[in-house]
Every structure is written in C-alpha cells, then in structure tokens.
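Novice: Sharing a structure here in structure tokens format.
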Amino acid sequence: MSSYKILLIEDDLKAVNLITTALSLDGHRVTPITDGHAGLLQASMQLWDLLIVDRMLPRIEGLALVKTLREVSVNTPVLFLTALDGIEDRVEGLRAGGDDYLVKPFSVVELLARVEALVRRCHVQKEVQYLQVEDLLLDRMTRSVTRAGQLLALTPREYQILDYMMRLAGQIVTARMLLDNIWNFSFDPGTTVIESHISRLRAKINNTGGELLYTVRGKGYRLGARVV
Amino acid sequence: MSSERPVTALAGPRLRHTSGFRLAVSSTVLAVVAAGLVLYLIYYGTVGLINRTIEQQIIEETGEIVDGQSQATPASLVANMREESAEAPHATIMALVEPDGRVIAGNISHPPLVAGWSWYKLRISSEDRKKTELIRGHGVRLADGGLLYVGKDATIFSILRDRMDDVFGISFLTLTMFGVGGGVLLGRGAASRVKDINRTLLQAMAGDFSHRVPRTGRDDEFDHLAKGINVMLERTEILVENIKQTGNEIAHDLRSPMARLRSGLELALIEPDREQLIEAVALSIVQTDQILEIFSSLLRLAQIESGARRSSFTRVDLSGLLENLIETYHLSIETRGRTLLTAITPDLMLQGDSALLTQMLANILQNAEKFTPDGGRISIFAMRCEAGLEIQMEDTGPGIPDSLHATALRRFGRIIDTARTTPGAGLGLPLAVAIAELHGGKLQLEDTAPGLRVRILLPHT
Ligand SMILES: Nc1ncnc2c1ncn2[C@@H]1O[C@H](COP(=O)(O)OP(=O)(O)OP(=O)(O)O)[C@@H](O)[C@H]1O
Ligand SMILES: [Mg+2]
C-alpha cells in the first residue's frame, strides 16, 4: 500500500492521537497541527496528499480554512471531521470545497478507507472515458459495462456503484461510503439495504467470470484484487 | 443558572412599595390639590362678589356725602355725614380728616390716613365685650387737602376665610384618610397576590411544578398574569416531565447494551484464543456503534423538534423521492416470497427537507420490511388528497393493536410481543412523527389486522 503525506488539522488531542496512530500504522506520514492559522499556512506552503480538517478549530473555523485554500487554488483533497450532531455538515462541507466528511466518533476502518479513496480518486482522472478492473470494462460514454467482452445488464444504481468502486479498485469501500456517495443518505437505512444491492451486482459480475467483487468481513467491499 | 440568589427577595413587596399603595397616595395628593384649587376659586369668586358689592355701596355713600360738590366745605360735608349716619347708624364708618390729621367729624377716631382703597381693623369695645371688625374703606382726598374716609363692615371676609380654612382642613383630612386607607387596602391586596405568585414560583424553582397561582375569578390584571404564569408552569411541567422521562428512558435503554458491551469486553480480557479475542472486540465495536446510533437519532430528533430545519425547506419531488426509496428497498423486501406493491402518483411536489422526508419514509419502510413475515406483502401508495398529499404504507405483519399505538410512537417505545427478536431502538417512528409534524403534517397508525397501515398526511404549503 502506498504511503501518503497527510496534514491533520485538529485541536482535540485524543482525536489527534487516534488518527495519527491509525494512519501511521497504515504506513502514512502524518503531521498534526492543532491551530487553524498554522494549519492554513502549512496547507498552502507545502505539498500534501491529503488534508484532514476538523470543523471546529481554534482561531479559524475549518470551513473558512478550506474555503480560503480553495480561493488560492490549493486543490489538495480535504476530509472534514464533524461532530455527531452535524447532520447538514456534509452539504456545507462539500460546498466549501471539502471532498468528503466523517462524523466523529468514527471507526478506524472507515477513516483508512476514506483516506485511501480520497487520495486515489484525486489521481484518477474524473473525465476519463474508460475504467477497467481486470476484464471488467466500464464505458462512461455509452454508460455500458462489459466483462470479458460480454455486456452486463445493470440498473442505473448498479452502474453508479460500479463506477464508484472501479475508481477505488483494490481498496475497501465501506457501506457508509456507498450511502454517502451513491445514496446520499445521512441515516442508517438498515443493514440489509447495501448488502442486497451489492449481492445482486456481484451476481451479475460473477456470472460471466471469476470472483471480482469481494466482501471484506467487518469492513466493507472491495472490487478487484487487494492493492499492496 | 443563578439559582444562588437569595430567594427571600421573592416573599412579596413592602406595603409602601406596592404599586397599589403608591397609586392611592399619589391620587390622594392630586385630589387634595384639586379640592384646594376648587375651594380657592369658590372663595375668591364669592369674596370678589361681596367685595364689589361693598365697594359699590361705599362709593355710593361717599357720593351722597360729597353730593356732587367738588369744592365742598367741611361744614356741608359734616352735615351730609350726619344725614347719612342718621339713616343707618353704625352701618357705615365715616371720618372727615383735616390735612393735619385731625379727625373733625365721623364715628371713628383713627381712620387710615390714605386715599384710595384700604383694609382697616376696627376695635369696638362696648361695656361687656370687645370685638374687632374688618373694615373695607375708601379715602377721598378733598380739595383743601383733607380726607373723607368711608368704610363698611367686611368682617364677612374673615369669617368666610376661616370657614374656608375649616372646609379645606376637613376635606384634606378625609381625603388623606380615604386615600391612605385605600392605598393600604389596595397595597395589601396587591402584595398578597404577588406573594401568592411568588410562593408558586418559589415552589417551581425548587423543582415542584405541580402548584398553580390561585385566581380570584375577578378577571383583573392579576388574574391575567396568573393565567399566563399557570400556562407557562403547565408547559414547563410537561417539558420537565418529558425530559425526566426521556432521561430515564435513555438511561434505561442504554443500560442493557452498555451492560452487554461491558461483559463482552470483560470476557475478551480473559480470552486466551487470539481469534476469539478479535471476534469479541469486533462485536463490542458493533455494539458501540449501535449506542452511538441511538445518540445520533436522539440529537437529530431534538434538532427536528426545535424546528430549525424549517428554514432550509426547498421544493421536493415526493414522487421521485419515493421511487428512489422503492428502488433502494425493493431488493431487501422482495426476499422470502414477499411482494412489494406500489402506486405512486407522479409529480407530487411539496415544500420540505428532502433528506428528512427520505428518512421519515425510510424508517416506516424499514419497519415494514422488518416485521413482514415470509410470503407477506408490503404496499406503498402516494396520491393527492383534499388537504395535500397522502402516503400510505401497509404491510401484512403482526400489526400494532390500537391500544399500543401511543407506545409505538413514543421514544424508545417497542412492542415486546413482536419486536423482541428484531433489532431496533424504538426511535424510528418518533423520528418519523417529528418529521411529519415539522412539515405541518401528521402520521397515523391503523390496525389492518393482520398488519399495519401507516398513513401520512402532508399539507399543501
Ligand atoms: N410495521 C410494523 N408492524 C408491526 N409492528 C411495528 C411496525 N412498525 C413498528 N412496529 C412496532 O413499533 C415499535 C416502534 O417502532 P420504531 O420504528 O419506533 O422502533 P424500532 O423499529 O423498534 O427501532 P428503530 O426504528 O429505532 O430501529 C417497534 O418496535 C414495533 O414493536
Ligand atoms: Mg423502526
């Protein structure tokens, strides 16, 4: 797994500790900063793979910080951290130029998956016409998916899921990530919902070849072999 | 909160500080001033009239004595004076004074030696009594430099003034007595009402919201105040009760998952097998997430109930939203021989919060999915109705008997018979109700035996 250079702007020392430990164990290099102003300076002066920004910071608010960064054309991906009751925070955060958000307290699995997804998604050109994972090919122009040359009959939702998962091929996609990015649900719709969609998609994909869409127990789902 | 302030200050105001007392006293002062003014006007009106009459008589008599002679000799004047006093002895005071101050004729010995109008106090001493008369007099300067003084008894003035003083004094006393007395009564009344109010408030401050401010039924301003306070106390009582209840429920509802979590972790601690240890910790994390989900739902519920989200209402395509939900849930519903029946009128629009409306419908759909047995059916209808939009979700599960509808709609309310084996916290329906109400609508449960129908009415906006 690749190693990323991550700037963590967060004033809650417990959270700093947890995030730094988790990300370091995963091989990333984390620089924690507890102050909004210093964070803004650091974020704009150095090159980072990812910024993790708490919404509530001393001296300068997380939202304002990211807005300012975007205004001066710093386009490093941003993961917002928000409090438990921040229902509308996601929309607000994305509008301000954030790329994703995570509600505290979050699971380490979720954090690692999000970090990976954000940095990767940034590397994958959003405008490319084809996405490919092994013999699975998605054509964005015709909105069609083939496996080993054979056309798969997908619903619009399945196509959306596949587009998302192919961009993040080889890494874990959590149910929460699918809910946030495909369904836009801020609540928990019940355990079986995501599972039911994934298993039908899996059936369609596996129908024309070997296992390609995996369930990673206790974590989420993965399309394609695990990237190392 | 500043609950530390001395509460004795609330016992009630001092009498002389009550507005009733002050009002009475100040209106008394005004009444006294007004009475004084009226008496003064009457006095001067009367005195003026009498004065004019007396003065007229004096002028007339002076005229008769002088009798048109501009160069009158003292001798002729004296003769005229005699004539006058013979007509009415002692009624008129007269004196003819020489230029050197000597009185040469008349019935007084020391007249005022000034020309024009003057007041003069005449001491009369007869054998048995002495008295003083007030004389209004007029002096005319004669051609030879002497003075003719004519005066009349005006004692009536001083009598009148004395009377006036008496009247004023008496009315001042009675007015003041009534005023202060009334003030005391009023002030006492007000003070005791305030005391009543404060007693009730003190009890409320001490946490006992069951008391109400007594009302006299006179519908006065204190009754109005009492009514307002009582309504406030009633609402506070309900709120406090709710909070207490919710607090208890949260405590109660979180106790069992917390206890489970704790014993799971405790067992994990002594687990020798690493695989099993990891298993146990993973389970604990799942349980923690469930607890966090409960908190999250409670926070959301509080936020919805505060009405704050109403400000972010936009135009929502309810039909599209339902189709999206159906697409999301149909896979998990259409298992184990269960069927999903839908009839959604297209283009149902309303003003609202689409994320919350989605959650409301998802909560109900999720319940239907959870409780519908194998081979059952779930139906979703959405249409226009007179009042706005109506959504019905029906299932063929165990349903909820009418008597337990309130329980099901309450926070943490679950029907033990049917829900014991299904996961859930009992927050789905209360959230749905709160969201429907946020949109000015309502949510009703109907027992379709077997099964449940949830009917949601959302008004036009
Ligand atoms: N469709 C239904 N059929 C039968 N019983 C129901 C149905 N929907 C709700 N109930 C009863 O009402 C209770 C309250 O429902 P509610 O949705 O509030 O909580 P829950 O589903 O138990 O938990 P949560 O929604 O928080 O996960 C349920 O526990 C269940 O007993
Ligand atoms: Mg429910």
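All residue names refer to the structure tokens as shown: chains lettered A, B, ... in order, residues numbered from 1 in each chain, ligands numbered from 1 in order.
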Within 8 Å of ligand 2, counting only C-alpha atoms and all ligand atoms, which protein or nucleic acid residues do you find, written as a PyMOL selection string?

Specialist: chain B and resi 363-364+366-367+424-429

Novice: Taking only C-alpha atoms into account, report as a list of chain:residue names which residues of chain B lie within 7 Å of chain A.

Specialist: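 Output check: B:Ser296, B:Leu299, B:Arg300, B:Thr328, B:Tyr329, B:Leu331, B:Ser332, B:Gln359, B:Ala362, B:Gln366.
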
Novice: Store the residues picked out above, limited to N, CA, C and O atoms, as an mmCIF file, in the first residue's frame.

Specialist:
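The resulting file, out29.cif, is shown below:
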data_model
loop_
_atom_site.group_PDB
_atom_site.id
_atom_site.type_symbol
_atom_site.label_atom_id
_atom_site.label_comp_id
_atom_site.auth_asym_id
_atom_site.auth_seq_id
_atom_site.Cartn_x
_atom_site.Cartn_y
_atom_site.Cartn_z
ATOM 1 N N SER B 296 -27.124 9.572 18.081
ATOM 2 C CA SER B 296 -27.269 10.336 16.857
ATOM 3 C C SER B 296 -28.751 10.571 16.553
ATOM 4 O O SER B 296 -29.153 11.685 16.200
ATOM 5 N N LEU B 299 -30.182 13.153 19.020
ATOM 6 C CA LEU B 299 -29.762 14.504 18.660
ATOM 7 C C LEU B 299 -30.564 15.010 17.465
ATOM 8 O O LEU B 299 -31.002 16.152 17.420
ATOM 9 N N ARG B 300 -30.744 14.114 16.500
ATOM 10 C CA ARG B 300 -31.486 14.507 15.313
ATOM 11 C C ARG B 300 -32.928 14.832 15.678
ATOM 12 O O ARG B 300 -33.499 15.807 15.209
ATOM 13 N N THR B 328 -34.370 1.492 -3.649
ATOM 14 C CA THR B 328 -33.376 1.139 -2.638
ATOM 15 C C THR B 328 -33.792 -0.082 -1.822
ATOM 16 O O THR B 328 -32.975 -0.946 -1.529
ATOM 17 N N TYR B 329 -35.078 -0.156 -1.482
ATOM 18 C CA TYR B 329 -35.521 -1.199 -0.552
ATOM 19 C C TYR B 329 -36.089 -2.441 -1.229
ATOM 20 O O TYR B 329 -36.251 -3.466 -0.572
ATOM 21 N N LEU B 331 -35.083 -4.680 -3.144
ATOM 22 C CA LEU B 331 -34.296 -5.917 -3.125
ATOM 23 C C LEU B 331 -34.395 -6.616 -1.775
ATOM 24 O O LEU B 331 -34.561 -7.835 -1.709
ATOM 25 N N SER B 332 -34.310 -5.833 -0.703
ATOM 26 C CA SER B 332 -34.371 -6.498 0.608
ATOM 27 C C SER B 332 -35.795 -6.895 0.978
ATOM 28 O O SER B 332 -36.000 -7.822 1.754
ATOM 29 N N GLN B 359 -35.763 10.203 5.181
ATOM 30 C CA GLN B 359 -35.578 9.419 6.395
ATOM 31 C C GLN B 359 -36.915 8.974 6.991
ATOM 32 O O GLN B 359 -37.052 7.845 7.438
ATOM 33 N N ALA B 362 -38.161 6.174 4.911
ATOM 34 C CA ALA B 362 -37.277 5.019 5.060
ATOM 35 C C ALA B 362 -37.527 4.319 6.389
ATOM 36 O O ALA B 362 -37.545 3.088 6.457
ATOM 37 N N GLN B 366 -38.612 0.580 6.512
ATOM 38 C CA GLN B 366 -37.700 -0.324 7.216
ATOM 39 C C GLN B 366 -38.459 -1.166 8.239
ATOM 40 O O GLN B 366 -38.221 -2.365 8.360
#

Novice: Per DSSP on the backbone, what are the strand (DSSP E or B) residues of stretch 64-203 of chain A, as a list in words?

Specialist: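 Output for stretch 64-203 of chain A, strand (DSSP E or B) only: Val78, Leu79, Phe80, Leu81, Thr82, Asp100, Tyr101, Leu102, Val103, Tyr130, Leu131, Gln132, Val133, Leu136, Leu137, Leu138, Asp139, Ser144, Val145, Thr146, Arg147, Gln150, Leu151, Leu152, Ile172 and Val173 of chain A.
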
Novice: Which residues come within 9 Å of stretch 45-53 of chain A, counting only C-alpha atoms, excluding same-chain residues fewer than 2 positions away, as a list in words?

Specialist: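 Here the answer would be Tyr4, Lys5, Ile6, Leu7, Leu8, Ile9, Glu10, Gly39, Leu40, Leu41, Gln42, Ala43, Arg55, Met56, Leu57, Gly62, Leu63, Leu65, Val66, Thr76, Pro77, Val78, Leu79, Phe80, Leu81, Thr82, Val115, Leu118 and Val119 of chain A.
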
Novice: Tell me which protein, DNA and RNA residues are within 10 Å of A:Glu211, counting only C-alpha atoms, leaving out same-chain ones fewer than 2 positions away, and put them as a ChimeraX atom specification.

Specialist: /A:202-203,205-209,213-214,223-225

Novice: The selected residues should be written to file as a PDB file, in the first residue's frame (atoms: C-alpha atoms).

Specialist:
ATOM      1  CA  ARG A 202     -21.895  -9.312  -7.522  1.00  0.00           C
ATOM      2  CA  ALA A 203     -24.117 -11.986  -9.021  1.00  0.00           C
ATOM      3  CA  ILE A 205     -20.472  -9.593 -12.409  1.00  0.00           C
ATOM      4  CA  ASN A 206     -19.516 -13.062 -11.276  1.00  0.00           C
ATOM      5  CA  ASN A 207     -21.973 -14.586 -13.715  1.00  0.00           C
ATOM      6  CA  THR A 208     -19.556 -14.004 -16.553  1.00  0.00           C
ATOM      7  CA  GLY A 209     -16.261 -14.804 -14.831  1.00  0.00           C
ATOM      8  CA  LEU A 213     -16.395  -8.182  -6.078  1.00  0.00           C
ATOM      9  CA  TYR A 214     -15.405  -9.248  -2.576  1.00  0.00           C
ATOM     10  CA  LEU A 223     -13.556  -4.642  -6.258  1.00  0.00           C
ATOM     11  CA  GLY A 224     -10.562  -6.475  -7.739  1.00  0.00           C
ATOM     12  CA  ALA A 225      -7.507  -7.870  -6.021  1.00  0.00           C
TER      13      ALA A 225
END

Novice: Could you tell me how far atom CA of B:Met205 sits from atom CA of B:Ile243, in Å to one decimal place?

Specialist: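 Distance reported for this atom pair: 16.3 Å.
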
Novice: State, in Å with one decimal place, the distance from atom CA of A:Val91 to atom CA of B:Glu369.

Specialist: 29.3 Å

Novice: Neighbours of B:Pro257 within 12 Å (only C-alpha atoms; same-chain residues fewer than 4 positions away dropped), as JSON, numbers by chain?

Specialist: {"B": [250, 251, 252, 253, 261, 262, 263, 264, 283, 284, 285, 286, 287, 288, 289, 290, 291, 292, 294, 423, 424, 425]}

Novice: Suppose we keep C-alpha atoms; can you now write the selection as a PDB file, in the first residue's frame?

Specialist:
ATOM      1  CA  ILE B 250     -32.190   6.885  27.729  1.00  0.00           C
ATOM      2  CA  ALA B 251     -30.616   5.599  30.889  1.00  0.00           C
ATOM      3  CA  HIS B 252     -32.823   2.560  30.843  1.00  0.00           C
ATOM      4  CA  ASP B 253     -32.429   1.920  27.154  1.00  0.00           C
ATOM      5  CA  LEU B 261     -20.785  -4.331  25.874  1.00  0.00           C
ATOM      6  CA  ARG B 262     -19.088  -4.349  29.217  1.00  0.00           C
ATOM      7  CA  SER B 263     -19.440  -8.058  29.873  1.00  0.00           C
ATOM      8  CA  GLY B 264     -18.327  -8.810  26.316  1.00  0.00           C
ATOM      9  CA  LEU B 283     -18.599  -7.442  18.392  1.00  0.00           C
ATOM     10  CA  SER B 284     -18.031  -4.796  21.035  1.00  0.00           C
ATOM     11  CA  ILE B 285     -17.343  -2.260  18.337  1.00  0.00           C
ATOM     12  CA  VAL B 286     -20.608  -3.140  16.619  1.00  0.00           C
ATOM     13  CA  GLN B 287     -22.417  -2.687  19.921  1.00  0.00           C
ATOM     14  CA  THR B 288     -20.719   0.653  20.470  1.00  0.00           C
ATOM     15  CA  ASP B 289     -21.855   1.753  17.039  1.00  0.00           C
ATOM     16  CA  GLN B 290     -25.420   0.868  17.934  1.00  0.00           C
ATOM     17  CA  ILE B 291     -25.210   3.003  21.045  1.00  0.00           C
ATOM     18  CA  LEU B 292     -23.750   5.872  19.032  1.00  0.00           C
ATOM     19  CA  ILE B 294     -29.042   5.939  19.353  1.00  0.00           C
ATOM     20  CA  PRO B 423     -33.179  -5.216  16.224  1.00  0.00           C
ATOM     21  CA  GLY B 424     -34.036  -1.573  16.858  1.00  0.00           C
ATOM     22  CA  ALA B 425     -34.080   1.118  19.482  1.00  0.00           C
TER      23      ALA B 425
END

Novice: My list of candidates is B:Leu404, B:Val213, B:Leu23, B:Ala302. Which is closest to ligand 1 when distances are computed with only C-alpha atoms and all ligand atoms?

Specialist: B:Leu404

Novice: With DSSP run on the backbone, what are the helix (DSSP H, G or I) residues within stretch 122-271 of chain B? I'd like them as a PyMOL selection string.

Specialist: chain B and resi 155-205+221-269

Novice: Residues at most 12 Å from A:Leu152, counting only C-alpha atoms, excluding those fewer than 2 positions away in the same chain, as a list in words?

Specialist: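 Counting only the stated atoms, we get Leu136, Leu137, Leu138, Asp139, Arg143, Ser144, Val145, Thr146, Arg147, Ala148, Gly149, Gln150, Leu154, Thr155, Pro156, Glu158, Tyr159, Leu162, Leu201, Arg202, Ala203, Lys204, Ile205, Asn206, Asn207, Thr208 and Gly209 of chain A.
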
Novice: For a quick check of understanding, using only C-alpha atoms, which of A:Val74, A:Val108, A:Leu94, A:Val128 has the smallest distance to A:Thr21?

Specialist: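 Of the candidates, the smallest distance to A:Thr21 is held by A:Val108.
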
Novice: Do you have the atom CA of B:Leu173-atom CA of B:Thr28 distance handy?

Specialist: 10.5 Å

Novice: Of the residues A:Ser24, A:Ser44, A:Leu111, A:Met141, which is the one nearest to A:Glu71, using only C-alpha atoms?

Specialist: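 So, comparing all the options, the nearest one is A:Ser44.
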
Novice: Restricting the calculation to only C-alpha atoms and all ligand atoms, which member of B:Thr372, B:Gln245, B:Asn51, B:Ser403 is positioned closest to ligand 1?

Specialist: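 Checking each of B:Thr372, B:Gln245, B:Asn51, B:Ser403 against ligand 1, counting only C-alpha atoms and all ligand atoms, the winner is B:Thr372.
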
Novice: I'd like the neighbourhood of B:Glu437 as an MDAnalysis selection string, where a residue qualifies if any of its atoms comes within 12 Å (using only C-alpha atoms), though same-chain residues fewer than 4 positions away should be ignored.

Specialist: chainID B and resid 301 304:307 310 352 356:357 360 430:433 441:444 456:459
